[in-house]
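**Q** Sharing target-v9.cif below, mmCIF, C-alpha atoms:
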```
data_start
#
loop_
_atom_site.label_atom_id
_atom_site.label_comp_id
_atom_site.auth_asym_id
_atom_site.auth_seq_id
_atom_site.Cartn_x
_atom_site.Cartn_y
_atom_site.Cartn_z
CA THR D 1411 6.18 -6.35 -14.95
CA GLN D 1412 6.01 -3.68 -12.25
CA LEU D 1413 5.02 -0.23 -13.52
CA LEU D 1414 7.14 1.23 -10.72
CA GLU D 1415 10.48 -0.50 -10.32
CA GLN D 1416 12.16 -0.18 -6.96
CA SER D 1417 15.80 -0.91 -6.29
CA PRO D 1418 17.36 -2.43 -4.40
CA GLN D 1419 14.80 -4.99 -3.25
CA PHE D 1420 16.73 -5.60 -0.06
CA LEU D 1421 19.40 -3.63 1.79
CA SER D 1422 21.15 -4.42 5.05
CA ILE D 1423 23.67 -1.88 6.34
CA GLN D 1424 25.32 -0.73 9.55
CA GLU D 1425 24.04 2.11 11.66
CA GLY D 1426 25.56 5.41 10.57
CA GLU D 1427 25.87 4.58 6.89
CA ASN D 1428 24.10 6.46 4.09
CA LEU D 1429 21.83 4.82 1.52
CA THR D 1430 19.67 5.61 -1.49
CA VAL D 1431 16.58 3.78 -2.70
CA TYR D 1432 15.30 4.28 -6.24
CA CYS D 1433 11.86 4.20 -7.81
CA ASN D 1434 11.79 4.23 -11.61
CA SER D 1435 9.18 4.10 -14.35
CA SER D 1436 8.72 4.78 -18.04
CA SER D 1437 5.39 6.47 -17.26
CA VAL D 1438 4.72 10.02 -16.11
CA PHE D 1439 3.10 10.53 -12.72
CA SER D 1440 1.03 13.38 -11.32
CA SER D 1441 2.68 12.78 -7.97
CA LEU D 1442 4.79 10.16 -6.23
CA GLN D 1443 4.54 9.10 -2.63
CA TRP D 1444 6.81 7.21 -0.28
CA TYR D 1445 5.36 5.03 2.46
CA ARG D 1446 7.07 3.07 5.23
CA GLN D 1447 5.64 -0.17 6.53
CA GLU D 1448 6.69 -1.86 9.77
CA PRO D 1449 5.97 -5.52 10.58
CA GLY D 1450 2.34 -6.16 11.50
CA GLU D 1451 1.18 -2.72 10.38
CA GLY D 1452 -0.11 -1.00 7.27
CA PRO D 1453 1.97 1.43 5.20
CA VAL D 1454 2.23 4.98 6.51
CA LEU D 1455 2.86 7.99 4.30
CA LEU D 1456 6.23 9.70 4.59
CA VAL D 1457 6.03 12.27 1.81
CA THR D 1458 4.31 13.32 -1.41
CA VAL D 1459 6.26 14.98 -4.23
CA VAL D 1460 4.35 16.76 -6.96
CA THR D 1461 6.61 19.04 -9.01
CA GLY D 1462 9.34 17.75 -11.32
CA GLY D 1463 12.73 18.28 -9.69
CA GLU D 1464 11.17 18.79 -6.28
CA VAL D 1465 13.26 17.94 -3.22
CA LYS D 1466 11.74 17.41 0.21
CA LYS D 1467 13.52 16.73 3.47
CA LEU D 1468 12.18 14.93 6.50
CA LYS D 1469 14.89 14.99 9.16
CA ARG D 1470 17.56 12.60 7.82
CA LEU D 1471 15.44 11.54 4.82
CA THR D 1472 15.67 13.37 1.49
CA PHE D 1473 13.17 12.70 -1.27
CA GLN D 1474 13.56 13.79 -4.87
CA PHE D 1475 11.14 13.72 -7.80
CA GLY D 1476 12.76 13.42 -11.22
CA ASP D 1477 12.56 16.35 -13.63
CA ALA D 1478 10.43 14.33 -16.04
CA ARG D 1479 8.21 13.03 -13.19
CA LYS D 1480 9.03 9.42 -14.05
CA ASP D 1481 11.27 8.57 -11.12
CA SER D 1482 12.05 9.34 -7.51
CA SER D 1483 14.72 8.63 -4.93
CA LEU D 1484 14.90 8.37 -1.17
CA HIS D 1485 18.22 9.11 0.51
CA ILE D 1486 18.81 8.38 4.18
CA THR D 1487 21.77 10.00 5.93
CA ALA D 1488 23.34 8.32 8.95
CA ALA D 1489 20.83 5.50 9.06
CA GLN D 1490 19.57 4.37 12.46
CA PRO D 1491 17.97 1.09 13.58
CA GLY D 1492 14.65 2.91 13.81
CA ASP D 1493 14.75 3.38 10.02
CA THR D 1494 14.33 -0.37 9.56
CA GLY D 1495 11.22 -1.24 7.55
CA LEU D 1496 9.73 -1.77 4.12
CA TYR D 1497 9.82 1.37 1.97
CA LEU D 1498 7.21 1.56 -0.77
CA CYS D 1499 6.93 4.11 -3.54
CA ALA D 1500 3.54 4.74 -5.10
CA GLY D 1501 2.26 7.13 -7.72
CA TYR D 1502 -0.83 8.52 -9.35
CA LYS D 1503 -0.46 8.11 -13.10
CA MET D 1504 -1.27 11.14 -15.28
CA ASP D 1505 -3.68 9.32 -17.52
CA SER D 1506 -5.41 6.84 -15.25
CA ASN D 1507 -8.24 6.73 -12.76
CA TYR D 1508 -7.91 7.44 -9.08
CA GLN D 1509 -5.73 4.61 -7.92
CA LEU D 1510 -2.17 4.42 -6.67
CA ILE D 1511 0.37 2.37 -8.61
CA TRP D 1512 2.70 0.64 -6.13
CA GLY D 1513 6.30 -0.45 -6.32
CA ALA D 1514 7.32 -3.83 -4.92
CA GLY D 1515 9.16 -2.23 -2.00
CA THR D 1516 12.67 -2.07 -0.56
CA LYS D 1517 13.24 -3.99 2.64
CA LEU D 1518 15.75 -2.02 4.71
CA ILE D 1519 17.55 -3.38 7.78
CA ILE D 1520 19.81 -1.15 9.82
CA LYS D 1521 22.09 -3.08 12.15
CA PRO D 1522 23.23 -1.48 15.42
CA ASP G 984 -9.26 10.15 16.04
CA ALA G 985 -9.51 6.46 15.29
CA GLY G 986 -7.77 5.32 12.16
CA VAL G 987 -8.96 2.65 9.78
CA ILE G 988 -10.23 -0.33 11.76
CA GLN G 989 -10.06 -3.89 10.47
CA SER G 990 -11.26 -7.14 11.94
CA PRO G 991 -10.27 -9.78 12.60
CA ARG G 992 -6.52 -9.21 12.87
CA HIS G 993 -5.81 -12.88 12.24
CA GLU G 994 -7.91 -15.55 10.59
CA VAL G 995 -7.04 -19.20 10.19
CA THR G 996 -9.48 -21.31 8.22
CA GLU G 997 -9.65 -24.48 6.22
CA MET G 998 -9.89 -24.71 2.47
CA GLY G 999 -13.44 -24.40 1.26
CA GLN G 1000 -14.68 -22.28 4.14
CA GLU G 1001 -16.16 -18.82 3.77
CA VAL G 1002 -14.09 -15.92 5.09
CA THR G 1003 -15.39 -12.40 5.77
CA LEU G 1004 -13.06 -9.51 6.44
CA ARG G 1005 -14.37 -6.24 7.83
CA CYS G 1006 -13.32 -2.62 7.60
CA LYS G 1007 -14.38 0.68 9.09
CA PRO G 1008 -12.83 3.63 7.20
CA ILE G 1009 -11.94 6.99 8.68
CA SER G 1010 -15.05 9.09 9.11
CA GLY G 1011 -15.52 11.58 6.30
CA HIS G 1012 -13.32 9.75 3.81
CA ASP G 1013 -15.01 9.24 0.44
CA TYR G 1014 -12.79 6.44 -0.88
CA LEU G 1015 -12.19 2.95 0.41
CA PHE G 1016 -9.65 0.48 -0.98
CA TRP G 1017 -9.06 -3.24 -0.43
CA TYR G 1018 -5.52 -4.51 -0.97
CA ARG G 1019 -3.79 -7.86 -0.69
CA GLN G 1020 -0.10 -8.14 0.19
CA THR G 1021 2.14 -11.17 -0.33
CA MET G 1022 5.88 -11.62 -0.50
CA MET G 1023 5.67 -12.76 -4.10
CA ARG G 1024 3.31 -10.14 -5.53
CA GLY G 1025 3.68 -7.20 -3.16
CA LEU G 1026 0.72 -4.89 -2.59
CA GLU G 1027 -2.15 -5.47 -5.04
CA LEU G 1028 -5.30 -3.39 -5.34
CA LEU G 1029 -8.37 -5.61 -5.34
CA ILE G 1030 -11.22 -3.09 -5.49
CA TYR G 1031 -12.05 0.45 -4.54
CA PHE G 1032 -15.23 2.36 -3.70
CA ASN G 1033 -16.21 6.00 -4.00
CA ASN G 1034 -19.13 7.07 -1.82
CA ASN G 1035 -20.03 3.40 -1.26
CA VAL G 1036 -20.13 2.62 -5.00
CA PRO G 1037 -17.60 0.15 -6.45
CA ILE G 1038 -15.52 1.98 -9.06
CA ASP G 1039 -12.89 -0.54 -10.16
CA ASP G 1040 -12.94 -4.24 -9.29
CA SER G 1041 -10.53 -5.37 -12.00
CA GLY G 1042 -8.07 -6.54 -9.36
CA MET G 1043 -10.47 -9.04 -7.79
CA PRO G 1044 -8.83 -12.40 -8.54
CA GLU G 1045 -11.95 -14.35 -9.44
CA ASP G 1046 -15.59 -14.86 -8.64
CA ARG G 1047 -14.76 -16.34 -5.27
CA PHE G 1048 -14.02 -12.80 -4.09
CA SER G 1049 -16.73 -10.23 -3.46
CA ALA G 1050 -16.81 -6.87 -1.68
CA LYS G 1051 -19.61 -4.69 -0.43
CA MET G 1052 -19.94 -1.28 1.13
CA PRO G 1053 -23.49 -0.97 2.49
CA ASN G 1054 -22.82 2.41 4.09
CA ALA G 1055 -20.07 5.00 4.52
CA SER G 1056 -18.71 3.44 7.68
CA PHE G 1057 -18.51 -0.25 6.81
CA SER G 1058 -17.16 -2.55 4.13
CA THR G 1059 -16.66 -6.30 3.82
CA LEU G 1060 -14.47 -8.50 1.65
CA LYS G 1061 -15.72 -12.05 1.34
CA ILE G 1062 -13.95 -15.10 -0.01
CA GLN G 1063 -16.11 -18.13 -0.72
CA PRO G 1064 -14.82 -20.79 -1.00
CA SER G 1065 -11.35 -20.01 0.33
CA GLU G 1066 -8.21 -21.69 -1.07
CA PRO G 1067 -4.64 -21.95 0.30
CA ARG G 1068 -3.40 -19.53 -2.37
CA ASP G 1069 -5.62 -16.85 -0.81
CA SER G 1070 -3.31 -16.77 2.22
CA ALA G 1071 -2.02 -13.20 2.50
CA VAL G 1072 -2.37 -10.00 4.50
CA TYR G 1073 -5.45 -8.06 3.45
CA PHE G 1074 -5.46 -4.31 4.00
CA CYS G 1075 -8.25 -1.80 3.93
CA ALA G 1076 -7.36 1.85 3.27
CA SER G 1077 -9.34 5.06 2.97
CA SER G 1078 -8.68 8.48 1.49
CA LEU G 1079 -10.36 11.79 1.62
CA ALA G 1080 -11.45 13.38 -1.59
CA GLY G 1081 -10.11 12.20 -4.94
CA ALA G 1082 -7.12 14.46 -5.57
CA ARG G 1083 -4.05 12.88 -7.15
CA THR G 1084 -2.00 13.79 -4.10
CA ASP G 1085 -4.27 12.16 -1.52
CA THR G 1086 -2.79 10.11 1.27
CA GLN G 1087 -4.12 6.61 1.71
CA TYR G 1088 -4.60 5.66 5.34
CA PHE G 1089 -4.21 1.98 5.99
CA GLY G 1090 -5.64 -0.26 8.64
CA PRO G 1091 -3.46 -2.78 10.49
CA GLY G 1092 -4.45 -5.58 8.12
CA THR G 1093 -5.95 -9.04 8.48
CA ARG G 1094 -3.51 -11.93 8.20
CA LEU G 1095 -5.40 -14.77 6.52
CA THR G 1096 -4.11 -18.32 6.54
CA VAL G 1097 -6.04 -20.94 4.58
CA LEU G 1098 -5.00 -24.49 5.41
#
```
Spell out the structure here as structure tokens.
**A**
Amino acid sequence: TQLLEQSPQFLSIQEGENLTVYCNSSSVFSSLQWYRQEPGEGPVLLVTVVTGGEVKKLKRLTFQFGDARKDSSLHITAAQPGDTGLYLCAGYKMDSNYQLIWGAGTKLIIKP
Amino acid sequence: DAGVIQSPRHEVTEMGQEVTLRCKPISGHDYLFWYRQTMMRGLELLIYFNNNVPIDDSGMPEDRFSAKMPNASFSTLKIQPSEPRDSAVYFCASSLAGARTDTQYFGPGTRLTVL
């Protein structure tokens, strides 16, 4: 059982559409991070959210941390083929040692 | 600045052979992590070091796996003997200081295929 559940696992949409990816848990996290991984490369950090209810924007990407710090979402507006990749959420649990807990990832394909 | 460096990028070996993966973390980073990524299991933490000392190796699958960090700029992950189920992409990552907001910086990975 994944401590961080991501949904959907796979999403294929047309360029220009909007989408939301979810990252849910029953545990509380000190912070949650979103990484993007492209084929043949390691994950690269997109954002870190720390405060419950926090919203951060990165161009067309909007990240939200749940009020209770148990969940997060990533919303992409007007998706482009360059957004294609594997999106991973990861978090530092409140009561654990210094290691990131990782979700299984959402594979996103944006078709031109 | 150079990022995390891993070698080799690809490794193909036969079952029973010894495999050694290498990693050079970002200079000045205190933490080094070894991960394994597969389609079935996603990204799994194998072991991590703080200031060259192993802190948590509970993710190491079995005694066939071992990791060392002889100094701040070099770490190895060894599999002996290797088995087909070890086939995966192995990532090394490093982070700066130990805060629960730290970014982990990943290397490009080593794709291991055990025949």
**Q** Where does the PyMOL selection byres ((chain D and resi 1441) around 6) land in this file, that is, which residues does it pick, as a PyMOL selection string?
**A** chain D and resi 1439-1440+1442+1459-1460+1501-1502
**Q** Please report the interatomic distance between atom CA of G:Phe1074 and atom CA of G:Thr1003 in Å with one decimal.
**A**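 For atom CA of G:Phe1074 relative to atom CA of G:Thr1003, the distance reads 12.9 Å.
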**Q** If we count only C-alpha atoms and set the cut-off at 8 Å, which residues sit around D:Ala1500, ignoring sequence neighbours fewer than 6 positions away in its own chain? Please answer as a list of chain:residue names.
**A**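 With the cut-off at 8 Å, the set is D:Leu1414, D:Leu1442, D:Gln1443, D:Trp1444, D:Tyr1445, D:Leu1510, D:Ile1511, D:Trp1512, D:Gly1513.
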**Q** I'd like to see the residues matched by the PyMOL selection byres ((chain G and resi 1014) around 6) on this file, and ideally I'd get them as a ChimeraX atom specification.
**A** /G:1012-1013,1015,1032-1033,1077-1078
**Q** Could you check which residues have any atom within 9 Å of (-13.5, -23.4, 2.2), counting only C-alpha atoms with coordinates taken straight from the file, and then list them as number ranges by chain?
**A** G: 996-1002, 1062-1066, 1097
**Q** Calculated over only C-alpha atoms, which of the candidates D:Gly1515, D:Gly1476, D:Pro1418, D:Gly1463 has the smallest distance to chain G?
**A**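 Closest to chain G of all the choices is D:Gly1515.
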**Q** Since the input is missing atoms, can you rebuild all heavy atoms for stretch 1498-1509 of chain D and write them as a PDB file, in the frame of the given file?
**A**
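The resulting part_8.pdb:
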```pdb
ATOM      1  N   LEU D1498       8.007   1.742   0.431  1.00  0.00           N
ATOM      2  CA  LEU D1498       7.210   1.560  -0.770  1.00  0.00           C
ATOM      3  C   LEU D1498       7.043   2.905  -1.468  1.00  0.00           C
ATOM      4  O   LEU D1498       6.683   3.899  -0.835  1.00  0.00           O
ATOM      5  CB  LEU D1498       5.827   1.026  -0.413  1.00  0.00           C
ATOM      6  CG  LEU D1498       5.783  -0.385   0.192  1.00  0.00           C
ATOM      7  CD1 LEU D1498       4.514  -0.578   1.010  1.00  0.00           C
ATOM      8  CD2 LEU D1498       5.846  -1.430  -0.911  1.00  0.00           C
ATOM      9  N   CYS D1499       7.300   2.925  -2.771  1.00  0.00           N
ATOM     10  CA  CYS D1499       6.930   4.110  -3.540  1.00  0.00           C
ATOM     11  C   CYS D1499       5.605   3.823  -4.241  1.00  0.00           C
ATOM     12  O   CYS D1499       5.293   2.666  -4.553  1.00  0.00           O
ATOM     13  CB  CYS D1499       8.014   4.523  -4.518  1.00  0.00           C
ATOM     14  SG  CYS D1499       8.285   3.417  -5.914  1.00  0.00           S
ATOM     15  N   ALA D1500       4.857   4.865  -4.466  1.00  0.00           N
ATOM     16  CA  ALA D1500       3.540   4.740  -5.100  1.00  0.00           C
ATOM     17  C   ALA D1500       3.236   6.036  -5.836  1.00  0.00           C
ATOM     18  O   ALA D1500       3.647   7.113  -5.384  1.00  0.00           O
ATOM     19  CB  ALA D1500       2.467   4.455  -4.058  1.00  0.00           C
ATOM     20  N   GLY D1501       2.542   5.932  -6.949  1.00  0.00           N
ATOM     21  CA  GLY D1501       2.260   7.130  -7.720  1.00  0.00           C
ATOM     22  C   GLY D1501       0.906   7.137  -8.356  1.00  0.00           C
ATOM     23  O   GLY D1501       0.314   6.075  -8.617  1.00  0.00           O
ATOM     24  N   TYR D1502       0.399   8.342  -8.587  1.00  0.00           N
ATOM     25  CA  TYR D1502      -0.830   8.520  -9.350  1.00  0.00           C
ATOM     26  C   TYR D1502      -0.430   8.812 -10.789  1.00  0.00           C
ATOM     27  O   TYR D1502       0.204   9.836 -11.071  1.00  0.00           O
ATOM     28  CB  TYR D1502      -1.645   9.692  -8.795  1.00  0.00           C
ATOM     29  CG  TYR D1502      -2.297   9.452  -7.459  1.00  0.00           C
ATOM     30  CD1 TYR D1502      -1.707   9.891  -6.277  1.00  0.00           C
ATOM     31  CD2 TYR D1502      -3.518   8.788  -7.364  1.00  0.00           C
ATOM     32  CE1 TYR D1502      -2.311   9.678  -5.048  1.00  0.00           C
ATOM     33  CE2 TYR D1502      -4.135   8.577  -6.133  1.00  0.00           C
ATOM     34  CZ  TYR D1502      -3.515   9.024  -4.982  1.00  0.00           C
ATOM     35  OH  TYR D1502      -4.113   8.808  -3.764  1.00  0.00           O
ATOM     36  N   LYS D1503      -0.807   7.894 -11.699  1.00  0.00           N
ATOM     37  CA  LYS D1503      -0.460   8.110 -13.100  1.00  0.00           C
ATOM     38  C   LYS D1503      -1.238   9.282 -13.671  1.00  0.00           C
ATOM     39  O   LYS D1503      -2.384   9.541 -13.280  1.00  0.00           O
ATOM     40  CB  LYS D1503      -0.746   6.859 -13.916  1.00  0.00           C
ATOM     41  CG  LYS D1503       0.355   5.820 -13.851  1.00  0.00           C
ATOM     42  CD  LYS D1503       0.080   4.699 -14.819  1.00  0.00           C
ATOM     43  CE  LYS D1503       0.167   5.172 -16.264  1.00  0.00           C
ATOM     44  NZ  LYS D1503      -0.146   4.101 -17.221  1.00  0.00           N
ATOM     45  N   MET D1504      -0.635   9.970 -14.669  1.00  0.00           N
ATOM     46  CA  MET D1504      -1.270  11.140 -15.280  1.00  0.00           C
ATOM     47  C   MET D1504      -2.567  10.777 -15.983  1.00  0.00           C
ATOM     48  O   MET D1504      -3.536  11.515 -15.951  1.00  0.00           O
ATOM     49  CB  MET D1504      -0.314  11.766 -16.299  1.00  0.00           C
ATOM     50  CG  MET D1504       0.883  12.452 -15.682  1.00  0.00           C
ATOM     51  SD  MET D1504       0.438  13.994 -14.878  1.00  0.00           S
ATOM     52  CE  MET D1504       0.215  15.041 -16.312  1.00  0.00           C
ATOM     53  N   ASP D1505      -2.567   9.616 -16.629  1.00  0.00           N
ATOM     54  CA  ASP D1505      -3.680   9.320 -17.520  1.00  0.00           C
ATOM     55  C   ASP D1505      -4.598   8.209 -17.032  1.00  0.00           C
ATOM     56  O   ASP D1505      -5.264   7.552 -17.807  1.00  0.00           O
ATOM     57  CB  ASP D1505      -3.138   8.932 -18.897  1.00  0.00           C
ATOM     58  CG  ASP D1505      -2.199   7.731 -18.809  1.00  0.00           C
ATOM     59  OD1 ASP D1505      -1.849   7.309 -17.689  1.00  0.00           O
ATOM     60  OD2 ASP D1505      -1.811   7.206 -19.871  1.00  0.00           O
ATOM     61  N   SER D1506      -4.610   7.967 -15.742  1.00  0.00           N
ATOM     62  CA  SER D1506      -5.410   6.840 -15.250  1.00  0.00           C
ATOM     63  C   SER D1506      -6.421   7.321 -14.224  1.00  0.00           C
ATOM     64  O   SER D1506      -6.471   8.502 -13.878  1.00  0.00           O
ATOM     65  CB  SER D1506      -4.516   5.770 -14.630  1.00  0.00           C
ATOM     66  OG  SER D1506      -4.031   6.204 -13.377  1.00  0.00           O
ATOM     67  N   ASN D1507      -7.244   6.391 -13.766  1.00  0.00           N
ATOM     68  CA  ASN D1507      -8.240   6.730 -12.760  1.00  0.00           C
ATOM     69  C   ASN D1507      -7.581   6.896 -11.394  1.00  0.00           C
ATOM     70  O   ASN D1507      -6.364   6.863 -11.265  1.00  0.00           O
ATOM     71  CB  ASN D1507      -9.336   5.658 -12.712  1.00  0.00           C
ATOM     72  CG  ASN D1507      -8.778   4.280 -12.371  1.00  0.00           C
ATOM     73  OD1 ASN D1507      -7.615   4.144 -12.030  1.00  0.00           O
ATOM     74  ND2 ASN D1507      -9.630   3.272 -12.451  1.00  0.00           N
ATOM     75  N   TYR D1508      -8.387   7.087 -10.406  1.00  0.00           N
ATOM     76  CA  TYR D1508      -7.910   7.440  -9.080  1.00  0.00           C
ATOM     77  C   TYR D1508      -7.448   6.208  -8.340  1.00  0.00           C
ATOM     78  O   TYR D1508      -8.167   5.698  -7.482  1.00  0.00           O
ATOM     79  CB  TYR D1508      -9.031   8.147  -8.326  1.00  0.00           C
ATOM     80  CG  TYR D1508      -8.690   8.572  -6.920  1.00  0.00           C
ATOM     81  CD1 TYR D1508      -7.746   9.559  -6.682  1.00  0.00           C
ATOM     82  CD2 TYR D1508      -9.320   7.988  -5.832  1.00  0.00           C
ATOM     83  CE1 TYR D1508      -7.439   9.944  -5.398  1.00  0.00           C
ATOM     84  CE2 TYR D1508      -9.030   8.366  -4.539  1.00  0.00           C
ATOM     85  CZ  TYR D1508      -8.089   9.354  -4.329  1.00  0.00           C
ATOM     86  OH  TYR D1508      -7.798   9.749  -3.053  1.00  0.00           O
ATOM     87  N   GLN D1509      -6.290   5.684  -8.715  1.00  0.00           N
ATOM     88  CA  GLN D1509      -5.730   4.610  -7.920  1.00  0.00           C
ATOM     89  C   GLN D1509      -4.215   4.754  -7.920  1.00  0.00           C
ATOM     90  O   GLN D1509      -3.613   5.223  -8.883  1.00  0.00           O
ATOM     91  CB  GLN D1509      -6.132   3.237  -8.453  1.00  0.00           C
ATOM     92  CG  GLN D1509      -5.545   2.848  -9.786  1.00  0.00           C
ATOM     93  CD  GLN D1509      -5.975   1.450 -10.191  1.00  0.00           C
ATOM     94  OE1 GLN D1509      -7.134   1.201 -10.516  1.00  0.00           O
ATOM     95  NE2 GLN D1509      -5.039   0.522 -10.182  1.00  0.00           N
TER      96      GLN D1509
END
```
